[in-house]
Every structure is written in C-alpha cells, then in structure tokens.
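What's in final20.pdb: PDB, C-alpha atoms, pLDDT in the B column
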ATOM      1  CA  MET A   1     103.128  61.887 106.722  1.00 44.00           C
ATOM      2  CA  GLY A   2     104.810  65.130 107.677  1.00 47.00           C
ATOM      3  CA  ASN A   3     103.279  68.519 107.161  1.00 51.00           C
ATOM      4  CA  ASP A   4     105.483  69.172 104.112  1.00 61.00           C
ATOM      5  CA  ASN A   5     103.902  66.238 102.299  1.00 88.00           C
ATOM      6  CA  VAL A   6     100.439  67.681 102.755  1.00 91.00           C
ATOM      7  CA  LEU A   7     101.420  70.533 100.451  1.00 92.00           C
ATOM      8  CA  LEU A   8     101.999  67.969  97.690  1.00 93.00           C
ATOM      9  CA  PHE A   9      98.736  66.070  98.108  1.00 94.00           C
ATOM     10  CA  VAL A  10      97.008  65.703  94.740  1.00 94.00           C
ATOM     11  CA  PRO A  11      93.933  67.754  95.743  1.00 94.00           C
ATOM     12  CA  ASN A  12      96.189  70.579  96.908  1.00 95.00           C
ATOM     13  CA  ILE A  13      98.173  70.485  93.666  1.00 96.00           C
ATOM     14  CA  ILE A  14      94.818  70.841  91.904  1.00 96.00           C
ATOM     15  CA  GLY A  15      94.257  73.932  94.045  1.00 96.00           C
ATOM     16  CA  TYR A  16      97.545  75.431  92.871  1.00 97.00           C
ATOM     17  CA  ILE A  17      96.584  74.684  89.262  1.00 97.00           C
ATOM     18  CA  ARG A  18      93.276  76.440  89.839  1.00 97.00           C
ATOM     19  CA  ILE A  19      95.123  79.565  90.993  1.00 97.00           C
ATOM     20  CA  LEU A  20      97.222  79.470  87.814  1.00 97.00           C
ATOM     21  CA  LEU A  21      94.105  79.019  85.666  1.00 98.00           C
ATOM     22  CA  THR A  22      92.476  81.980  87.394  1.00 97.00           C
ATOM     23  CA  LEU A  23      95.488  84.186  86.708  1.00 97.00           C
ATOM     24  CA  LEU A  24      95.517  83.072  83.069  1.00 97.00           C
ATOM     25  CA  ALA A  25      91.802  83.841  82.813  1.00 98.00           C
ATOM     26  CA  PHE A  26      92.216  87.385  84.090  1.00 97.00           C
ATOM     27  CA  ALA A  27      95.221  87.931  81.842  1.00 97.00           C
ATOM     28  CA  GLY A  28      92.688  87.604  79.031  1.00 96.00           C
ATOM     29  CA  TYR A  29      89.737  89.253  80.782  1.00 96.00           C
ATOM     30  CA  HIS A  30      88.862  91.362  77.733  1.00 96.00           C
ATOM     31  CA  HIS A  31      88.910  88.306  75.467  1.00 97.00           C
ATOM     32  CA  PRO A  32      85.707  86.419  76.425  1.00 97.00           C
ATOM     33  CA  THR A  33      86.585  83.068  74.890  1.00 96.00           C
ATOM     34  CA  TRP A  34      90.003  83.041  76.579  1.00 97.00           C
ATOM     35  CA  PHE A  35      88.519  84.085  79.904  1.00 98.00           C
ATOM     36  CA  VAL A  36      85.590  81.655  79.884  1.00 97.00           C
ATOM     37  CA  VAL A  37      87.772  78.673  78.952  1.00 97.00           C
ATOM     38  CA  PHE A  38      90.332  79.206  81.711  1.00 98.00           C
ATOM     39  CA  TYR A  39      87.905  80.392  84.390  1.00 97.00           C
ATOM     40  CA  SER A  40      85.488  77.533  83.672  1.00 96.00           C
ATOM     41  CA  ALA A  41      88.364  75.044  83.859  1.00 96.00           C
ATOM     42  CA  SER A  42      89.142  76.332  87.349  1.00 96.00           C
ATOM     43  CA  VAL A  43      85.490  76.018  88.383  1.00 94.00           C
ATOM     44  CA  ILE A  44      85.303  72.457  87.041  1.00 93.00           C
ATOM     45  CA  LEU A  45      88.461  71.466  88.925  1.00 94.00           C
ATOM     46  CA  ASP A  46      86.771  72.728  92.093  1.00 90.00           C
ATOM     47  CA  GLY A  47      84.576  69.646  91.859  1.00 86.00           C
ATOM     48  CA  VAL A  48      87.547  67.373  91.196  1.00 91.00           C
ATOM     49  CA  ASP A  49      89.753  68.182  94.183  1.00 89.00           C
ATOM     50  CA  GLY A  50      87.243  66.977  96.759  1.00 85.00           C
ATOM     51  CA  TYR A  51      86.700  63.729  94.862  1.00 87.00           C
ATOM     52  CA  ALA A  52      90.464  63.225  94.601  1.00 91.00           C
ATOM     53  CA  ALA A  53      90.896  63.885  98.323  1.00 89.00           C
ATOM     54  CA  ARG A  54      88.356  61.203  99.228  1.00 88.00           C
ATOM     55  CA  LYS A  55      89.481  58.713  96.584  1.00 91.00           C
ATOM     56  CA  LEU A  56      93.179  59.000  97.458  1.00 91.00           C
ATOM     57  CA  ASN A  57      92.581  59.330 101.202  1.00 91.00           C
ATOM     58  CA  GLN A  58      94.313  62.704 101.125  1.00 92.00           C
ATOM     59  CA  CYS A  59      91.816  64.799 103.084  1.00 89.00           C
ATOM     60  CA  SER A  60      93.449  67.455 105.234  1.00 89.00           C
ATOM     61  CA  GLU A  61      92.523  70.590 107.117  1.00 89.00           C
ATOM     62  CA  PHE A  62      94.936  72.538 104.929  1.00 92.00           C
ATOM     63  CA  GLY A  63      93.283  71.175 101.800  1.00 91.00           C
ATOM     64  CA  ALA A  64      89.808  72.126 103.015  1.00 89.00           C
ATOM     65  CA  TRP A  65      91.092  75.623 103.821  1.00 92.00           C
ATOM     66  CA  LEU A  66      92.896  75.969 100.485  1.00 94.00           C
ATOM     67  CA  ASP A  67      89.831  74.877  98.522  1.00 93.00           C
ATOM     68  CA  VAL A  68      87.706  77.677  99.963  1.00 93.00           C
ATOM     69  CA  VAL A  69      90.491  80.267  99.697  1.00 95.00           C
ATOM     70  CA  VAL A  70      90.959  79.526  95.990  1.00 96.00           C
ATOM     71  CA  ASP A  71      87.199  79.825  95.466  1.00 96.00           C
ATOM     72  CA  LEU A  72      87.089  83.183  97.222  1.00 96.00           C
ATOM     73  CA  PHE A  73      90.187  84.422  95.406  1.00 96.00           C
ATOM     74  CA  SER A  74      88.838  83.636  91.933  1.00 96.00           C
ATOM     75  CA  ARG A  75      85.272  84.774  92.599  1.00 96.00           C
ATOM     76  CA  GLY A  76      86.507  87.881  94.373  1.00 96.00           C
ATOM     77  CA  LEU A  77      88.556  88.952  91.385  1.00 96.00           C
ATOM     78  CA  LEU A  78      85.620  88.406  89.065  1.00 97.00           C
ATOM     79  CA  TRP A  79      83.126  90.307  91.221  1.00 97.00           C
ATOM     80  CA  CYS A  80      85.539  93.226  91.553  1.00 96.00           C
ATOM     81  CA  PHE A  81      86.210  93.279  87.808  1.00 96.00           C
ATOM     82  CA  LEU A  82      82.474  93.204  87.101  1.00 96.00           C
ATOM     83  CA  SER A  83      81.512  96.037  89.444  1.00 95.00           C
ATOM     84  CA  GLN A  84      83.019  98.631  91.748  1.00 91.00           C
ATOM     85  CA  TYR A  85      80.665  97.238  94.390  1.00 94.00           C
ATOM     86  CA  GLY A  86      81.817  93.667  93.882  1.00 94.00           C
ATOM     87  CA  TYR A  87      83.964  93.882  96.999  1.00 93.00           C
ATOM     88  CA  VAL A  88      80.746  93.977  99.068  1.00 95.00           C
ATOM     89  CA  VAL A  89      79.842  90.483  97.863  1.00 96.00           C
ATOM     90  CA  MET A  90      83.313  89.251  98.685  1.00 95.00           C
ATOM     91  CA  CYS A  91      83.316  90.867 102.125  1.00 96.00           C
ATOM     92  CA  VAL A  92      80.219  88.817 102.932  1.00 97.00           C
ATOM     93  CA  GLU A  93      81.819  85.639 101.579  1.00 97.00           C
ATOM     94  CA  TRP A  94      85.065  86.165 103.522  1.00 96.00           C
ATOM     95  CA  LEU A  95      83.149  86.961 106.713  1.00 96.00           C
ATOM     96  CA  THR A  96      81.171  83.771 106.206  1.00 96.00           C
ATOM     97  CA  PHE A  97      84.405  81.811 105.746  1.00 95.00           C
ATOM     98  CA  VAL A  98      85.733  83.174 109.039  1.00 93.00           C
ATOM     99  CA  SER A  99      82.434  82.414 110.757  1.00 93.00           C
ATOM    100  CA  THR A 100      82.202  78.819 109.498  1.00 92.00           C
ATOM    101  CA  HIS A 101      85.888  77.839 109.601  1.00 87.00           C
ATOM    102  CA  CYS A 102      86.025  78.198 113.378  1.00 82.00           C
ATOM    103  CA  ARG A 103      83.274  75.566 113.644  1.00 81.00           C
ATOM    104  CA  GLY A 104      85.584  72.878 112.296  1.00 76.00           C
ATOM    105  CA  ALA A 105      84.961  70.190 109.708  1.00 73.00           C
ATOM    106  CA  ASP A 106      81.321  69.701 110.736  1.00 78.00           C
ATOM    107  CA  TRP A 107      80.207  73.235 109.912  1.00 82.00           C
ATOM    108  CA  LYS A 108      78.090  71.939 107.020  1.00 84.00           C
ATOM    109  CA  ILE A 109      75.940  69.873 109.368  1.00 85.00           C
ATOM    110  CA  PRO A 110      72.950  72.015 110.424  1.00 86.00           C
ATOM    111  CA  GLU A 111      71.967  72.062 114.080  1.00 87.00           C
ATOM    112  CA  ALA A 112      68.434  71.571 115.373  1.00 87.00           C
ATOM    113  CA  SER A 113      68.256  75.224 116.408  1.00 90.00           C
ATOM    114  CA  PHE A 114      69.001  76.528 112.890  1.00 93.00           C
ATOM    115  CA  PRO A 115      66.217  78.371 111.019  1.00 95.00           C
ATOM    116  CA  TRP A 116      64.072  76.223 108.735  1.00 95.00           C
ATOM    117  CA  LEU A 117      65.422  77.698 105.512  1.00 95.00           C
ATOM    118  CA  VAL A 118      69.069  77.378 106.571  1.00 95.00           C
ATOM    119  CA  THR A 119      68.458  73.727 107.418  1.00 94.00           C
ATOM    120  CA  ARG A 120      66.841  73.099 104.017  1.00 94.00           C
ATOM    121  CA  VAL A 121      69.724  74.700 102.133  1.00 95.00           C
ATOM    122  CA  MET A 122      72.408  72.810 104.048  1.00 92.00           C
ATOM    123  CA  ALA A 123      70.693  69.429 104.297  1.00 92.00           C
ATOM    124  CA  LYS A 124      72.729  66.497 102.965  1.00 90.00           C
ATOM    125  CA  GLY A 125      75.760  68.701 102.343  1.00 86.00           C
ATOM    126  CA  PHE A 126      73.863  71.050 100.019  1.00 90.00           C
ATOM    127  CA  LYS A 127      72.793  68.064  97.885  1.00 88.00           C
ATOM    128  CA  THR A 128      69.142  69.110  97.685  1.00 92.00           C
ATOM    129  CA  PRO A 129      67.257  71.437  95.303  1.00 95.00           C
ATOM    130  CA  TRP A 130      67.578  74.229  97.873  1.00 96.00           C
ATOM    131  CA  GLY A 131      71.296  73.615  98.283  1.00 95.00           C
ATOM    132  CA  ALA A 132      71.897  73.276  94.551  1.00 95.00           C
ATOM    133  CA  ALA A 133      70.158  76.607  93.929  1.00 97.00           C
ATOM    134  CA  ALA A 134      72.275  78.351  96.575  1.00 97.00           C
ATOM    135  CA  ILE A 135      75.594  76.851  95.452  1.00 94.00           C
ATOM    136  CA  GLY A 136      74.733  77.444  91.800  1.00 94.00           C
ATOM    137  CA  GLY A 137      74.055  81.089  92.550  1.00 96.00           C
ATOM    138  CA  VAL A 138      77.360  81.502  94.352  1.00 96.00           C
ATOM    139  CA  HIS A 139      79.556  79.850  91.742  1.00 94.00           C
ATOM    140  CA  LEU A 140      77.752  80.550  88.479  1.00 96.00           C
ATOM    141  CA  LEU A 141      76.173  83.998  88.858  1.00 97.00           C
ATOM    142  CA  PRO A 142      79.411  86.008  88.439  1.00 97.00           C
ATOM    143  CA  LEU A 143      80.487  83.883  85.458  1.00 97.00           C
ATOM    144  CA  TRP A 144      77.036  84.185  83.856  1.00 98.00           C
ATOM    145  CA  LEU A 145      77.090  87.954  84.376  1.00 98.00           C
ATOM    146  CA  TYR A 146      80.502  88.140  82.746  1.00 98.00           C
ATOM    147  CA  MET A 147      79.291  86.136  79.763  1.00 98.00           C
ATOM    148  CA  TYR A 148      76.230  88.389  79.557  1.00 98.00           C
ATOM    149  CA  VAL A 149      78.019  91.755  79.638  1.00 97.00           C
ATOM    150  CA  SER A 150      80.824  90.542  77.356  1.00 96.00           C
ATOM    151  CA  GLY A 151      78.350  89.283  74.769  1.00 96.00           C
ATOM    152  CA  PHE A 152      79.635  85.713  75.057  1.00 97.00           C
ATOM    153  CA  LEU A 153      76.143  84.334  75.692  1.00 97.00           C
ATOM    154  CA  GLY A 154      75.077  85.903  72.422  1.00 95.00           C
ATOM    155  CA  LEU A 155      77.962  84.165  70.668  1.00 94.00           C
ATOM    156  CA  LEU A 156      76.547  80.907  72.033  1.00 94.00           C
ATOM    157  CA  LEU A 157      73.247  81.864  70.336  1.00 95.00           C
ATOM    158  CA  PHE A 158      71.353  82.112  73.612  1.00 96.00           C
ATOM    159  CA  PRO A 159      68.331  84.378  73.036  1.00 97.00           C
ATOM    160  CA  PRO A 160      68.135  87.547  75.183  1.00 97.00           C
ATOM    161  CA  TRP A 161      65.170  86.258  77.191  1.00 97.00           C
ATOM    162  CA  PHE A 162      67.113  83.104  78.130  1.00 97.00           C
ATOM    163  CA  GLN A 163      70.108  85.168  79.209  1.00 98.00           C
ATOM    164  CA  LEU A 164      67.910  87.281  81.507  1.00 98.00           C
ATOM    165  CA  VAL A 165      66.108  84.237  82.911  1.00 98.00           C
ATOM    166  CA  GLY A 166      69.502  82.789  83.771  1.00 98.00           C
ATOM    167  CA  ILE A 167      70.457  85.971  85.602  1.00 98.00           C
ATOM    168  CA  ALA A 168      67.156  85.967  87.505  1.00 98.00           C
ATOM    169  CA  MET A 169      67.412  82.317  88.562  1.00 98.00           C
ATOM    170  CA  LEU A 170      71.059  82.543  89.608  1.00 98.00           C
ATOM    171  CA  THR A 171      70.393  85.801  91.473  1.00 98.00           C
ATOM    172  CA  GLY A 172      67.620  84.040  93.362  1.00 98.00           C
ATOM    173  CA  GLY A 173      70.026  81.264  94.311  1.00 97.00           C
ATOM    174  CA  ARG A 174      72.628  83.817  95.375  1.00 97.00           C
ATOM    175  CA  GLY A 175      70.027  85.548  97.530  1.00 97.00           C
ATOM    176  CA  LEU A 176      69.180  82.217  99.145  1.00 97.00           C
ATOM    177  CA  CYS A 177      72.834  81.697  99.978  1.00 97.00           C
ATOM    178  CA  LEU A 178      73.069  85.254 101.305  1.00 97.00           C
ATOM    179  CA  TYR A 179      70.384  84.402 103.849  1.00 97.00           C
ATOM    180  CA  VAL A 180      72.506  81.476 105.083  1.00 96.00           C
ATOM    181  CA  GLU A 181      75.657  83.606 105.114  1.00 97.00           C
ATOM    182  CA  VAL A 182      74.035  86.352 107.185  1.00 97.00           C
ATOM    183  CA  PHE A 183      72.802  83.729 109.639  1.00 96.00           C
ATOM    184  CA  TYR A 184      76.313  82.313 110.110  1.00 95.00           C
ATOM    185  CA  ILE A 185      77.908  85.735 110.463  1.00 96.00           C
ATOM    186  CA  TYR A 186      75.269  86.801 112.982  1.00 96.00           C
ATOM    187  CA  SER A 187      75.674  83.550 114.955  1.00 93.00           C
ATOM    188  CA  HIS A 188      79.442  83.995 115.012  1.00 93.00           C
ATOM    189  CA  VAL A 189      79.216  87.586 116.274  1.00 95.00           C
ATOM    190  CA  VAL A 190      76.739  86.554 118.979  1.00 94.00           C
ATOM    191  CA  ALA A 191      79.061  83.734 120.081  1.00 90.00           C
ATOM    192  CA  LEU A 192      82.008  86.141 120.262  1.00 92.00           C
ATOM    193  CA  LEU A 193      80.015  88.618 122.355  1.00 92.00           C
ATOM    194  CA  ARG A 194      78.881  85.879 124.714  1.00 89.00           C
ATOM    195  CA  LYS A 195      82.428  84.634 125.095  1.00 84.00           C
ATOM    196  CA  SER A 196      83.653  88.162 125.820  1.00 77.00           C
ATOM    197  CA  SER A 197      80.914  88.673 128.392  1.00 75.00           C
ATOM    198  CA  SER A 198      81.709  85.403 130.167  1.00 71.00           C
ATOM    199  CA  GLN A 199      85.416  86.281 130.262  1.00 69.00           C
ATOM    200  CA  GLU A 200      84.665  89.695 131.754  1.00 66.00           C
ATOM    201  CA  ALA A 201      82.349  88.123 134.313  1.00 66.00           C
ATOM    202  CA  GLY A 202      85.046  85.612 135.242  1.00 59.00           C
TER     203      GLY A 202
END

Transcribe the structure of this file into structure tokens.
Amino acid sequence: MGNDNVLLFVPNIIGYIRILLTLLAFAGYHHPTWFVVFYSASVILDGVDGYAARKLNQCSEFGAWLDVVVDLFSRGLLWCFLSQYGYVVMCVEWLTFVSTHCRGADWKIPEASFPWLVTRVMAKGFKTPWGAAAIGGVHLLPLWLYMYVSGFLGLLLFPPWFQLVGIAMLTGGRGLCLYVEVFYIYSHVVALLRKSSSQEAG
C-alpha cells in the first residue's frame, strides 16, 4: 500500500479519535465527570490501537510514532493543567521518546548490559509486575491526581486513606519509570558524544 493509505489504517484512525477525545476532555476540564469520561475513553483506546494493528496486520512505523505522540500530547496537557511544574515531567517523557525512537522498533528489548532494574521493568514488553507498576504510574498517576484534586474520587465514595494510598502507589510506579527514562536519556547522550568524538577523530 502507498504511504497515503497508512494514514487511514484503523489503528491510526483510533489515534485521531483519541486526539479528539482529549480535546473534548479539556474543553470540560472544570467539570470532573465530563473530563474523566472523555479522558478515560482516550486512555482505554490506547490499549485498543495496538491490538487492532496486530489483528488487522496494519502495523506501521507511523502508527507506532503516532501512538506515543498522542500519549505525550494528552498526558502533557494534563500535567501542565495540574501544576505549573508539569512541563518538567513532560520534558523527561519527550526526551525519552527521542532517545528510544532512534533505536528502532526493538527499543523495548533490554540489552544484556542494561542495569538490573531497567531489565526487570522492560522484561517481556513491560508485562511483569515491575513493568505494570511503571506503566501504571505513567498513565494513571496524572488522571488519579486530577480525580483527587477535583473531588471526583470522593464522589466515587473512595475514602480519603484509599485516595492517598493510590497516589503513593502510582507515584512509586512513576518513580520506577523515571529511573528507566533517565537511563535511556543518559545512554542516548553518551552515544551522541561518542559519535561526535569519532567523527572529529576521523
């Protein structure tokens, strides 16, 4: 198929729908029920596009790129709405995207030289308790924080102690992912410096 057709692959159309859902969510940011419904729908579809790509044999480099960009776009907006320092979190996530994207499709496969903890988090494509904790922290912490500060968790009758335990657990998972992110960013910078040195020597 031509490149134009890739834009109309089902998983990529799901990505466009996710962008629309994100915009609808933030249009109702100060209305918790509205926001949670639309933002959560976008998060849920994030798990659908990959399945659709594999099931329909519509995997593409553009689709893999778009999937991450939509994630970063929606999470970035939420972090920045939640805090004036939210852009720091997103800077780390975007730097990680740059650092991993250049590795190609196999970036999720840990190498033998990776630190023990990075290997544990990334083993089996994040499908381990370590990986689940890290991914859960990345995707769910900002949404949980929104539901906490907006009082939505209280509307769901979650007791205060449960709300705080959720924040603590998801923050721990986010910290675990931060360790992996810093490792990838550091490795990417080192590789760039080595490449620059070899070019100068040549």

Distance query region 146-148 of chain A at most 10 Å, all atoms listed in the file, self and fewer than 2 positions along chain excluded, as a short mmCIF file (atom, residue, chain, number, x, y, z; two decimals) with C-alpha atoms, keeping the file's coordinate frame:
data_model
loop_
_atom_site.label_atom_id
_atom_site.label_comp_id
_atom_site.auth_asym_id
_atom_site.auth_seq_id
_atom_site.Cartn_x
_atom_site.Cartn_y
_atom_site.Cartn_z
CA TYR A 29 89.74 89.25 80.78
CA PRO A 32 85.71 86.42 76.42
CA THR A 33 86.58 83.07 74.89
CA PHE A 35 88.52 84.08 79.90
CA VAL A 36 85.59 81.66 79.88
CA LEU A 78 85.62 88.41 89.06
CA TRP A 79 83.13 90.31 91.22
CA PHE A 81 86.21 93.28 87.81
CA LEU A 82 82.47 93.20 87.10
CA LEU A 140 77.75 80.55 88.48
CA LEU A 141 76.17 84.00 88.86
CA PRO A 142 79.41 86.01 88.44
CA LEU A 143 80.49 83.88 85.46
CA TRP A 144 77.04 84.18 83.86
CA SER A 150 80.82 90.54 77.36
CA GLY A 151 78.35 89.28 74.77
CA PHE A 152 79.64 85.71 75.06
CA LEU A 153 76.14 84.33 75.69
CA GLY A 154 75.08 85.90 72.42
CA LEU A 155 77.96 84.16 70.67
CA LEU A 156 76.55 80.91 72.03
CA PHE A 158 71.35 82.11 73.61
CA PRO A 160 68.14 87.55 75.18
CA GLN A 163 70.11 85.17 79.21
CA LEU A 164 67.91 87.28 81.51
CA GLY A 166 69.50 82.79 83.77
CA ILE A 167 70.46 85.97 85.60
#

Exercise. Fewer than 2 positions away in the same chain doesn't count, so skip those; otherwise give me all residues within 10 Å of Val118 (chain A), counting all atoms listed in the file, as number ranges by chain.
Key: A: 110-111, 114-116, 120-123, 130-131, 176-177, 179-181, 183-184

So what does the PyMOL selection byres ((chain A and resi 9) around 12) actually pick up in this one, as a PDB file with C-alpha atoms, keeping the file's coordinate frame?
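Generated output (part_39.pdb):
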ATOM      1  CA  MET A   1     103.128  61.887 106.722  1.00 44.00           C
ATOM      2  CA  GLY A   2     104.810  65.130 107.677  1.00 47.00           C
ATOM      3  CA  ASN A   3     103.279  68.519 107.161  1.00 51.00           C
ATOM      4  CA  ASP A   4     105.483  69.172 104.112  1.00 61.00           C
ATOM      5  CA  ASN A   5     103.902  66.238 102.299  1.00 88.00           C
ATOM      6  CA  VAL A   6     100.439  67.681 102.755  1.00 91.00           C
ATOM      7  CA  LEU A   7     101.420  70.533 100.451  1.00 92.00           C
ATOM      8  CA  LEU A   8     101.999  67.969  97.690  1.00 93.00           C
ATOM      9  CA  VAL A  10      97.008  65.703  94.740  1.00 94.00           C
ATOM     10  CA  PRO A  11      93.933  67.754  95.743  1.00 94.00           C
ATOM     11  CA  ASN A  12      96.189  70.579  96.908  1.00 95.00           C
ATOM     12  CA  ILE A  13      98.173  70.485  93.666  1.00 96.00           C
ATOM     13  CA  ILE A  14      94.818  70.841  91.904  1.00 96.00           C
ATOM     14  CA  GLY A  15      94.257  73.932  94.045  1.00 96.00           C
ATOM     15  CA  TYR A  16      97.545  75.431  92.871  1.00 97.00           C
ATOM     16  CA  ASP A  49      89.753  68.182  94.183  1.00 89.00           C
ATOM     17  CA  GLY A  50      87.243  66.977  96.759  1.00 85.00           C
ATOM     18  CA  ALA A  52      90.464  63.225  94.601  1.00 91.00           C
ATOM     19  CA  ALA A  53      90.896  63.885  98.323  1.00 89.00           C
ATOM     20  CA  ARG A  54      88.356  61.203  99.228  1.00 88.00           C
ATOM     21  CA  LYS A  55      89.481  58.713  96.584  1.00 91.00           C
ATOM     22  CA  LEU A  56      93.179  59.000  97.458  1.00 91.00           C
ATOM     23  CA  ASN A  57      92.581  59.330 101.202  1.00 91.00           C
ATOM     24  CA  GLN A  58      94.313  62.704 101.125  1.00 92.00           C
ATOM     25  CA  CYS A  59      91.816  64.799 103.084  1.00 89.00           C
ATOM     26  CA  SER A  60      93.449  67.455 105.234  1.00 89.00           C
ATOM     27  CA  GLU A  61      92.523  70.590 107.117  1.00 89.00           C
ATOM     28  CA  PHE A  62      94.936  72.538 104.929  1.00 92.00           C
ATOM     29  CA  GLY A  63      93.283  71.175 101.800  1.00 91.00           C
ATOM     30  CA  ALA A  64      89.808  72.126 103.015  1.00 89.00           C
ATOM     31  CA  LEU A  66      92.896  75.969 100.485  1.00 94.00           C
TER      32      LEU A  66
END

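The coordinates place CA of Phe73 (chain A) at 24.0 Å from CA of Lys127 (chain A).
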
Self-check item: Point-to-point distance in Å for CA of Ser74 (chain A) and CA of Ala27 (chain A)
Solution: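 Rounded to one decimal, the two atoms are 12.7 Å apart.
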
Quiz item: How many Å lie between CA of His139 (chain A) and CA of Ala112 (chain A), rounded to one decimal?
Solution: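 That distance, rounded to one decimal, is 27.4 Å.
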
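Residue membership of the PyMOL selection byres ((chain A and resi 174) around 9) in the shown file amounts to Ala133, Ala134, Ile135, Gly136, Gly137, Val138, His139, Leu141, Met169, Leu170, Thr171, Gly172, Gly173, Gly175, Leu176, Cys177, Leu178 and Tyr179 of chain A.
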
Practice problem: Within 9 Å of Val92 (chain A), counting all atoms listed in the file, which residues show up once you throw out same-chain ones fewer than 2 positions away? Write them as a VMD selection string, please. | Solution: chain A and resid 87 to 90 94 to 97 178 181 to 182 185
